[in-house]
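**Student:** This is the structure, below, for whatever I ask next.
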Amino acid sequence: MHNFDYTQLVPSYIQAFEAYYPSKPDPELMRLYGVDHLHRLNNNENALGPPPEVAQVVEGFTPMAVPVYPNGDCFDLRQSLAERFDKDPEQFLVGNGSCEVIASVIKAFCEKGDNIITADKTFAVYEWVAEFSGFEARLIPLKDNGFDPQAMLDAMDRHTKILFVCNPNNPTGTYWDRSTMKGFLDAVDNRAVVVIDEAYCEYVENDDFPDGMALVEQYPNVVTFRTFSKMYALASLRIGYLCANAEMVGVIRRTHIVYSVNTLAQRAAAAALTNDGSFIRATREMVREAKALLCPLFDELGLTHVCGQGNYLMVKVPVSDTLMYRKLMTQGIMVRTMTGFRFPNWIRISLVQQPVMEEFCRVFRPVMEEIQGR
Amino acid sequence: MKGFDQSVSVSLAADIAWVPLVQSVVEKWAPVCGLDDSKTMMLTVAAEEIVVHLARMAPGTQVRFRLEPGGWHVRVEFSFKADASDLWAMNLVTKTDTQEEIDHLGLLVASRAVDGFTLGFEGDTLHLGLRKDRAYPVVTPGLIQPVETRGELTIVRDPEPELIKVACVKALGLYPSDAVPQAFFTPGKVVDMVGQKDLEIAVATDRSGALAGMICWQAPSEQGISFSGPYIFTTDGQAGDLLTKHLINTVARTRAMGLFSESATTSLPTEDFESLGHLDLIQRDGKKSEQGVWYRHLREDMGASVWAHRAYAEFLEAAYHRQILMRDLKIIEGQGERLPERSVFSVQLRPDAGKATLFPMVTGGDAAECIARYVEMLHREKIFNIFIRIDLAHGWQAAMGKAIMDNGFVPKLVLPYGGKSDILVFQHA
Ligand SMILES: Cc1ncc(COP(=O)(O)O)c(C=O)c1O
């Protein structure tokens with residue numbers, strides 16, 4: 001043991017890579033910040049909780065189900081997904097959150113010297129997984145807060161294996177409409193895989209939003225990601241999936257860990273799909289109301305904000321975002337700082353029920369007044 | 001000469017018989033890494049003195065001796081099992097009156113022959129590192145006039161050496177010398193530091209390719225990044241904002257927790273930062289000035305616990321309260337435990353700015369006395385801006401609080417995550 005120098009075994013791209021440290025558990029944060037409650041407005045969770053069909057499954061989950069391994073490749077859930085989207089079960093691959101399928105796709109297509117292309121200001125996991133796997137992530141600056149299709153095409157070369165498009169984008173809420181998406185896919189012309197991450201698609205109500213499930217049928221190189229963490233409120237169960245043509249899914253499966261999705265998650269996800277849509281309507285209504293409350297407040301305070309699709313919005317504050325985070329934490333409100341998204345001095349706020357949003361406004365206004373009056 | 005490990009390691013016993021070997025390894029190796037003859041000789045003397053010292057104090061101990069090239073410097077590291085306070089003579093100020101002190105004279109010679117040393121413990125193994133810098137030509141900057149910006153500004157990625165050197169000279173010509181890193185006086189060294197990734201630089205140019213500004217930063221610890229600048233070479237301040245945003249976005253997804261100013265200029269967009277307070281500086285000409293210290297957290301702060309001594313606990317509490325940083329203070333109580341007899345400090349000198357910063361390496365029973373001797377020596381050298389920085393991650397450093405304050409130092413500010421944990425900066429009042 002003594003002379004084992006493990007650092008010599010660590011590849012340089014891992015040595016240079018920083019591990020992601022998730023935040024501390026709520027009770028610990030509450031103790032530190034001296035508050036008796038904490039509203040998490042940092043992870044874009046659906047505060048309404050899961051649909052009632054899921055509640056039933058969770059309550060009915062017996063201890064006797066615990067010793068038994070889950071189904072290794074989510075057989076039943078894939079049947080449900082196939083029925084729901086009118087596809088073949090072989091077109092789906094389910095993961096421990098869609099984060100897991102991001103890794104599976106990168107492992108399936110990239111080898112030494114390859115690159116992936118995505119935006120500089122988007123969900124960070126595409127970039128992270130590529131980099132800690134030793135592949136270059138080409139980060140294309142957003143244009144007008146949206147992904148820039150032409151610049152992404154221009155950045156492609158023969159080593160480009162995957163283009164990641166977050167639609168709608170986290171954190172800006174912008175999206176490519178149907179014609180932009182099709183124009184882009186036509187221009188990629190099957191030279192690389194295009195991942196369309198639709199983590200927040202259920203929040204989009206506009207008619208011109210392209211349906212990744214349909215695109216999978218029209219373009220053999222398209223892989224669509226969805227998750228049960230956001231709209232369906234199953235974040236703690238960790239379940240998400242990808243959909244593509246069956247042959248490509250067969251290839252990605254080879255790099256994917258079987259048994260990574262637990263039984264409760266599989267059953268809850270299948271139950272969530274049986275909801276008649278009333279749950280989604282209620283959530284959208286909640287988000288609409290929250291936007292109607294927050295946007296006028298930011299306007300009144302003269303703050304620039306970006307409020308697009310999704311259950312979140314961003315606002316630029318006149319101090320560092322990390323200081324604003326600490327100020328709000330002392331009042332029991334937890335937001336997401338955006339320095340790490342390369343939006344310094346912006347914060348992102350998840351949109352939840354009216355009473356919490358009202359509390360946010362009550363807390364935010366005096367904090368801002370204190371800052372502006374300094 | 002790049003791309004693979006070119007260090008040399010030798011394992012030997014602490015014995016006078018090995019001294020010629022150590023001498024010749026350093027003598028033959030250092031010039032290959034770029035040290036000139038006189039610097040090679042000084043490093044050789046330093047290495048030799050350490051082996052002699054160990055042979056006398058701990059004969060037969062196994063010593064691992066390693067030489068590492070560092071581009072702009074070379075480093076020699078000794079690792080051995082020892083009691084750190086044996087190295088007390090490494091203090092630059094050690095007197096040489098008593099027989100014991102004369103016995104340690106060799107170490108004093110060693111410490112004065114190098115440009116920096118570090119001392120670190122790993123279990124009971126002590127790592128003693130000596131750094132010797134290469135010689136570079138020193139520039140004497142002339143007065144420079146700022147120019148007008150033509151067209152849009154852009155950041156130059158990986159600026160080439162010529163651009164870096166010009167930027168250093170411009171910064172020296174436009175800013176007082178205590179507002180720029182000392183290395184700027186030797187632009188060749190800056191280029192080598194950048195090549196070694198020991199310093200990072202971003203420059204902005206206008207459409208005509210003319211230099212509009214620069215900013216530089218480095219990571220003194222795993223969690224903290226310190227920066228100097230932004231230095232602006234144009235009549236308008238546009239580049240300040242651009243360079244600062246570039247710096248923030250570049251370090252935003254690294255392992256760093258915080259970004260703080262080493263020497264911030266007035267071109268810094270302060271709304272992006274939090275004020276940590278200021279240091280009072282006395283210029284060489286006797287004029288007084290204040291140096292503001294600015295900070296920016298790069299992540300959501302999850303709180304921490306730090307060691308603290310009663311002597312400055314109240315100051316810490318007030319500072320943390322003002323900065324809204326959640327910290328559990330663990331108060332240190334001396335319980336009569338035995339301390340190493342002697343303390344060790346390393347010192348960073350900026351004679352041109354009349355500035356010195358002490359870093360504790362070993363806390364011994366004589367800490368207060370040792371600090372007093374430092375102050376005396378520095379005052380004699382006309383150095384009046386004297387600072388001590390302690391890392392509150394380490395109980396033994398935090399425990400020094402009283403010895404420091406009894407010597408006329410006052411706590412000035414806290415650098416969150418400036419070291420292993422927060423750094424408390426004391427200034428001699
Ligand atoms: C755009 C986007 N994609 C994917 C995910 C990952 O979701 P999960 O791994 O919970 O399915 C998130 C979560 O924040 C996201 O914002």
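Ordering of the structure tokens sets the chain letters (A, B, ...), residue numbers begin anew at 1 in every chain, and ligands are numbered from 1 in the order given.
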Pick out the residues sitting within 8 Å of Gly34 of chain A, and hand them over as a ChimeraX atom specification; count only C-alpha atoms, and ignore anything fewer than 3 positions along from it in its own chain.
**Tutor:** /A:30-31,330
**Student:** I need the contact residues of chain B against chain A, so if you could list those with any atom within 7 Å, counting only C-alpha atoms, and return them as a count of residues only, that would help.
**Tutor:** 17
**Student:** Looking only at helix (DSSP H, G or I) from DSSP on the backbone, list the matching residues of segment 45-282 of chain A as number ranges by chain.
**Tutor:** A: 52-59, 63-65, 75-85, 89-91, 98-109, 125-132, 149-154, 178-188, 201-203, 212-218, 235-237, 246-253, 263-273, 278-282
**Student:** Closest to ligand 1 among A:Phe298, A:Trp346, A:Phe75, A:Tyr241, using only C-alpha atoms and all ligand atoms?
**Tutor:** A:Tyr241
**Student:** Which residues are near ligand 1 - at most 8 Å, using only C-alpha atoms and all ligand atoms? Format: as a count of residues only.
**Tutor:** 31
**Student:** Need the shell around segment 396-409 of chain B: protein/DNA/RNA residues with any atom at most 7 Å away, counting only C-alpha atoms. Skip same-chain ones fewer than 6 positions apart. Format as a ChimeraX atom specification?
**Tutor:** /B:307-309,311-312,332,360,363,367-368,372,390,426-429
**Student:** Quick one: residues within 12 Å of segment 355-358 of chain A, only C-alpha atoms, excluding same-chain residues fewer than 5 positions away - as a list of chain:residue names?
**Tutor:** A:His37, A:Leu38, A:His39, A:Arg40, A:Leu41, A:Ala47, A:Leu48, A:Met286, A:Val287, A:Arg288, A:Glu289, A:Ala290, A:Lys291, A:Ala292, A:Leu293, A:Leu294, A:Cys295, A:Leu297, A:Tyr312, A:Gly332, A:Ile333, A:Met334, A:Ile349, A:Ser350, A:Val363, A:Phe364, A:Arg365
**Student:** Okay, now the selection with N, CA and C atoms, as a tab-separated table (two decimals), in the first residue's frame?
**Tutor:**
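Saved result, selection_7.tsv, follows:
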```tsv
chain	number	residue	atom	x	y	z
A	37	HIS	N	-36.93	27.10	7.48
A	37	HIS	CA	-37.52	26.49	6.29
A	37	HIS	C	-36.63	26.81	5.10
A	38	LEU	N	-36.80	26.06	4.05
A	38	LEU	CA	-35.97	26.28	2.86
A	38	LEU	C	-36.82	25.95	1.63
A	39	HIS	N	-36.99	26.93	0.75
A	39	HIS	CA	-37.69	26.66	-0.51
A	39	HIS	C	-36.65	26.42	-1.58
A	40	ARG	N	-36.65	25.23	-2.14
A	40	ARG	CA	-35.68	24.91	-3.18
A	40	ARG	C	-36.18	25.40	-4.53
A	41	LEU	N	-35.59	26.49	-4.97
A	41	LEU	CA	-35.96	27.00	-6.29
A	41	LEU	C	-34.74	26.88	-7.20
A	47	ALA	N	-42.82	21.31	-8.11
A	47	ALA	CA	-43.21	21.36	-6.69
A	47	ALA	C	-44.61	20.82	-6.44
A	48	LEU	N	-45.39	20.60	-7.50
A	48	LEU	CA	-46.74	20.03	-7.29
A	48	LEU	C	-46.66	18.57	-6.85
A	286	MET	N	-49.67	26.45	-13.09
A	286	MET	CA	-48.86	26.94	-11.97
A	286	MET	C	-47.68	27.79	-12.49
A	287	VAL	N	-47.05	27.29	-13.54
A	287	VAL	CA	-45.89	28.00	-14.10
A	287	VAL	C	-46.32	29.35	-14.68
A	288	ARG	N	-47.45	29.33	-15.38
A	288	ARG	CA	-47.96	30.58	-15.96
A	288	ARG	C	-48.20	31.63	-14.86
A	289	GLU	N	-48.83	31.18	-13.80
A	289	GLU	CA	-49.13	32.11	-12.70
A	289	GLU	C	-47.85	32.66	-12.08
A	290	ALA	N	-46.87	31.77	-11.94
A	290	ALA	CA	-45.60	32.20	-11.34
A	290	ALA	C	-44.92	33.24	-12.21
A	291	LYS	N	-44.93	33.01	-13.53
A	291	LYS	CA	-44.33	33.99	-14.44
A	291	LYS	C	-45.06	35.33	-14.33
A	292	ALA	N	-46.39	35.25	-14.21
A	292	ALA	CA	-47.19	36.48	-14.15
A	292	ALA	C	-46.89	37.26	-12.88
A	293	LEU	N	-46.39	36.58	-11.88
A	293	LEU	CA	-46.06	37.25	-10.63
A	293	LEU	C	-44.64	37.83	-10.68
A	294	LEU	N	-43.71	37.03	-11.17
A	294	LEU	CA	-42.30	37.41	-11.11
A	294	LEU	C	-41.90	38.44	-12.17
A	295	CYS	N	-42.33	38.23	-13.41
A	295	CYS	CA	-41.86	39.12	-14.49
A	295	CYS	C	-42.20	40.59	-14.20
A	297	LEU	N	-42.54	42.01	-11.37
A	297	LEU	CA	-41.68	42.46	-10.28
A	297	LEU	C	-40.30	42.86	-10.81
A	312	TYR	N	-38.75	27.64	-15.28
A	312	TYR	CA	-37.67	28.44	-14.67
A	312	TYR	C	-37.57	29.74	-15.42
A	332	GLY	N	-34.26	31.76	3.68
A	332	GLY	CA	-34.89	30.48	3.38
A	332	GLY	C	-35.25	30.25	1.93
A	333	ILE	N	-34.59	30.97	1.01
A	333	ILE	CA	-34.87	30.79	-0.42
A	333	ILE	C	-33.58	30.37	-1.11
A	334	MET	N	-33.66	29.26	-1.84
A	334	MET	CA	-32.46	28.75	-2.50
A	334	MET	C	-32.64	28.84	-4.01
A	349	ILE	N	-34.41	30.87	-11.29
A	349	ILE	CA	-35.41	30.59	-10.27
A	349	ILE	C	-36.39	29.57	-10.82
A	350	SER	N	-36.62	28.49	-10.10
A	350	SER	CA	-37.63	27.52	-10.52
A	350	SER	C	-39.01	28.08	-10.20
A	363	VAL	N	-39.35	38.51	-0.16
A	363	VAL	CA	-37.95	38.48	0.28
A	363	VAL	C	-37.05	39.24	-0.69
A	364	PHE	N	-37.33	39.08	-1.98
A	364	PHE	CA	-36.44	39.60	-3.00
A	364	PHE	C	-36.45	41.14	-3.05
A	365	ARG	N	-37.63	41.69	-2.90
A	365	ARG	CA	-37.75	43.15	-3.04
A	365	ARG	C	-36.86	43.90	-2.04
```
**Student:** Please provide as a list of chain:residue names all residues within 8 Å of segment 243-247 of chain A, with the sequence filter that same-chain residues fewer than 2 positions apart are discarded (counting only C-alpha atoms).
**Tutor:**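 Final neighbour list, sorted by chain and number: A:Asp88, A:Glu90, A:Gln91, A:Phe92, A:Leu93, A:Met213, A:Val216, A:Glu217, A:Pro220, A:Asn221, A:Val222, A:Val223, A:Thr224, A:Phe225, A:Tyr241, A:Val249, A:Gly250, A:Val251.
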**Student:** What would the file look like if the residues just selected were written as a PDB file, in the first residue's frame with N, CA and C atoms?
**Tutor:**
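Result file again15.pdb:
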```pdb
ATOM      1  N   ASP A  88     -41.869   1.189 -31.426  1.00  0.00           N
ATOM      2  CA  ASP A  88     -41.430  -0.148 -31.049  1.00  0.00           C
ATOM      3  C   ASP A  88     -40.678  -0.060 -29.709  1.00  0.00           C
ATOM      4  N   GLU A  90     -38.177  -1.451 -28.766  1.00  0.00           N
ATOM      5  CA  GLU A  90     -36.730  -1.482 -29.015  1.00  0.00           C
ATOM      6  C   GLU A  90     -36.172  -0.102 -29.357  1.00  0.00           C
ATOM      7  N   GLN A  91     -37.055   0.859 -29.536  1.00  0.00           N
ATOM      8  CA  GLN A  91     -36.572   2.211 -29.841  1.00  0.00           C
ATOM      9  C   GLN A  91     -36.256   3.010 -28.585  1.00  0.00           C
ATOM     10  N   PHE A  92     -36.449   2.384 -27.427  1.00  0.00           N
ATOM     11  CA  PHE A  92     -36.234   3.123 -26.171  1.00  0.00           C
ATOM     12  C   PHE A  92     -35.093   2.516 -25.356  1.00  0.00           C
ATOM     13  N   LEU A  93     -34.385   3.374 -24.689  1.00  0.00           N
ATOM     14  CA  LEU A  93     -33.357   2.935 -23.751  1.00  0.00           C
ATOM     15  C   LEU A  93     -33.525   3.799 -22.496  1.00  0.00           C
ATOM     16  N   MET A 213     -40.028  13.160 -30.888  1.00  0.00           N
ATOM     17  CA  MET A 213     -40.481  11.787 -31.119  1.00  0.00           C
ATOM     18  C   MET A 213     -40.804  11.566 -32.597  1.00  0.00           C
ATOM     19  N   VAL A 216     -37.445  11.514 -34.805  1.00  0.00           N
ATOM     20  CA  VAL A 216     -36.734  10.240 -34.752  1.00  0.00           C
ATOM     21  C   VAL A 216     -37.144   9.351 -35.940  1.00  0.00           C
ATOM     22  N   GLU A 217     -38.383   9.487 -36.368  1.00  0.00           N
ATOM     23  CA  GLU A 217     -38.856   8.671 -37.493  1.00  0.00           C
ATOM     24  C   GLU A 217     -38.373   9.223 -38.830  1.00  0.00           C
ATOM     25  N   PRO A 220     -32.697   9.348 -39.347  1.00  0.00           N
ATOM     26  CA  PRO A 220     -32.106   8.186 -38.679  1.00  0.00           C
ATOM     27  C   PRO A 220     -30.998   8.557 -37.691  1.00  0.00           C
ATOM     28  N   ASN A 221     -30.478   9.790 -37.779  1.00  0.00           N
ATOM     29  CA  ASN A 221     -29.372  10.174 -36.887  1.00  0.00           C
ATOM     30  C   ASN A 221     -29.846  10.929 -35.654  1.00  0.00           C
ATOM     31  N   VAL A 222     -31.162  11.033 -35.450  1.00  0.00           N
ATOM     32  CA  VAL A 222     -31.655  11.801 -34.310  1.00  0.00           C
ATOM     33  C   VAL A 222     -31.891  10.900 -33.095  1.00  0.00           C
ATOM     34  N   VAL A 223     -31.407  11.355 -31.947  1.00  0.00           N
ATOM     35  CA  VAL A 223     -31.682  10.683 -30.676  1.00  0.00           C
ATOM     36  C   VAL A 223     -32.394  11.699 -29.788  1.00  0.00           C
ATOM     37  N   THR A 224     -33.573  11.369 -29.316  1.00  0.00           N
ATOM     38  CA  THR A 224     -34.313  12.301 -28.463  1.00  0.00           C
ATOM     39  C   THR A 224     -34.229  11.846 -27.007  1.00  0.00           C
ATOM     40  N   PHE A 225     -33.905  12.802 -26.133  1.00  0.00           N
ATOM     41  CA  PHE A 225     -33.834  12.502 -24.685  1.00  0.00           C
ATOM     42  C   PHE A 225     -35.058  13.069 -23.989  1.00  0.00           C
ATOM     43  N   TYR A 241     -34.912   8.705 -20.319  1.00  0.00           N
ATOM     44  CA  TYR A 241     -34.739   7.731 -21.402  1.00  0.00           C
ATOM     45  C   TYR A 241     -34.375   8.415 -22.706  1.00  0.00           C
ATOM     46  N   VAL A 249     -30.386   2.420 -31.325  1.00  0.00           N
ATOM     47  CA  VAL A 249     -30.565   2.123 -29.906  1.00  0.00           C
ATOM     48  C   VAL A 249     -29.820   0.830 -29.554  1.00  0.00           C
ATOM     49  N   GLY A 250     -29.860  -0.139 -30.483  1.00  0.00           N
ATOM     50  CA  GLY A 250     -29.141  -1.401 -30.261  1.00  0.00           C
ATOM     51  C   GLY A 250     -27.650  -1.170 -30.039  1.00  0.00           C
ATOM     52  N   VAL A 251     -27.110  -0.185 -30.747  1.00  0.00           N
ATOM     53  CA  VAL A 251     -25.676   0.115 -30.587  1.00  0.00           C
ATOM     54  C   VAL A 251     -25.433   0.804 -29.237  1.00  0.00           C
TER      55      VAL A 251
END
```
**Student:** Which residues, written as an MDAnalysis selection string, have at least one atom at most 12 Å from Asn206 of chain A, with only C-alpha atoms counted and residues fewer than 6 positions away on the same chain left out?
**Tutor:** chainID A and resid 168 174:178 308:310
**Student:** Could the residues in this selection be saved with N, CA, C and O atoms as a compact mmCIF listing (two decimals), in the first residue's frame?
**Tutor:**
```txt
# COMPACT_ATOMS: atom_id res chain seq x y z
N PRO A 168 -36.37 22.80 -25.18
CA PRO A 168 -35.90 24.17 -24.99
C PRO A 168 -34.65 24.19 -24.12
O PRO A 168 -34.39 23.25 -23.38
N THR A 174 -35.07 29.24 -24.50
CA THR A 174 -35.27 29.43 -25.94
C THR A 174 -35.40 28.07 -26.61
O THR A 174 -34.95 27.06 -26.07
N TYR A 175 -36.00 28.05 -27.78
CA TYR A 175 -36.06 26.78 -28.51
C TYR A 175 -35.98 27.01 -30.02
O TYR A 175 -36.23 28.12 -30.49
N TRP A 176 -35.61 25.96 -30.73
CA TRP A 176 -35.64 26.00 -32.20
C TRP A 176 -37.03 25.59 -32.62
O TRP A 176 -37.53 24.54 -32.18
N ASP A 177 -37.65 26.37 -33.50
CA ASP A 177 -38.96 25.95 -33.98
C ASP A 177 -38.78 24.84 -35.02
O ASP A 177 -37.66 24.46 -35.36
N ARG A 178 -39.91 24.35 -35.51
CA ARG A 178 -39.86 23.17 -36.37
C ARG A 178 -38.98 23.41 -37.61
O ARG A 178 -38.17 22.58 -37.99
N GLY A 308 -38.46 32.21 -20.89
CA GLY A 308 -38.93 31.52 -22.08
C GLY A 308 -39.77 30.32 -21.68
O GLY A 308 -40.60 30.41 -20.78
N GLN A 309 -39.52 29.20 -22.33
CA GLN A 309 -40.23 27.97 -22.00
C GLN A 309 -39.61 27.36 -20.75
O GLN A 309 -38.54 27.75 -20.33
N GLY A 310 -40.31 26.39 -20.20
CA GLY A 310 -39.74 25.69 -19.04
C GLY A 310 -40.24 26.26 -17.74
O GLY A 310 -40.82 27.35 -17.69
```
**Student:** Can you tell me, as a list in words, what residues are no more than 9 Å from Val193 of chain A when counting only C-alpha atoms, ignoring any on the same chain fewer than 2 positions away?
**Tutor:**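 Close residues of Val193 of chain A: Phe109, Thr160, Lys161, Ile162, Leu163, Phe164, Val188, Asn190, Arg191, Val195, Pro220, Asn221, Val222 and Val223 of chain A.
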**Student:** Between atom CA of Asp76 of chain A and atom CA of Glu202 of chain A, what is the distance in Å, rounded to a tenth?
**Tutor:**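 It comes out at 22.3 Å.
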**Student:** Nearest to Leu130 of chain B: which of B:Lys189, B:Arg157, B:Arg66, B:Arg373 is it, counting only C-alpha atoms?
**Tutor:** B:Arg66
**Student:** In segment 383-418 of chain B, what's strand (DSSP E or B) per DSSP? Answer as a PyMOL selection string?
**Tutor:** chain B and resi 385-391+409-415
**Student:** Calculated over only C-alpha atoms, which of the candidates B:Pro31, B:Pro187, B:Pro59, B:Gly71 has the smallest distance to Val139 of chain B?
**Tutor:**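 Going through B:Pro31, B:Pro187, B:Pro59, B:Gly71 one by one, the smallest distance to Val139 of chain B is for B:Pro187.
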**Student:** What is the atom CA of Tyr203 of chain A-atom CA of Arg284 of chain A distance in Å, reported with one decimal?
**Tutor:** 6.3 Å
**Student:** Counting only C-alpha atoms, which residue out of B:Lys28, B:Lys330, B:Arg310, B:His278 sits closest to Tyr295 of chain B?
**Tutor:** B:His278
**Student:** How far is it from atom CA of Val8 of chain B to atom CA of Val76 of chain B, in Å with one decimal?
**Tutor:**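 Between atom CA of Val8 of chain B and atom CA of Val76 of chain B the gap is 9.6 Å.
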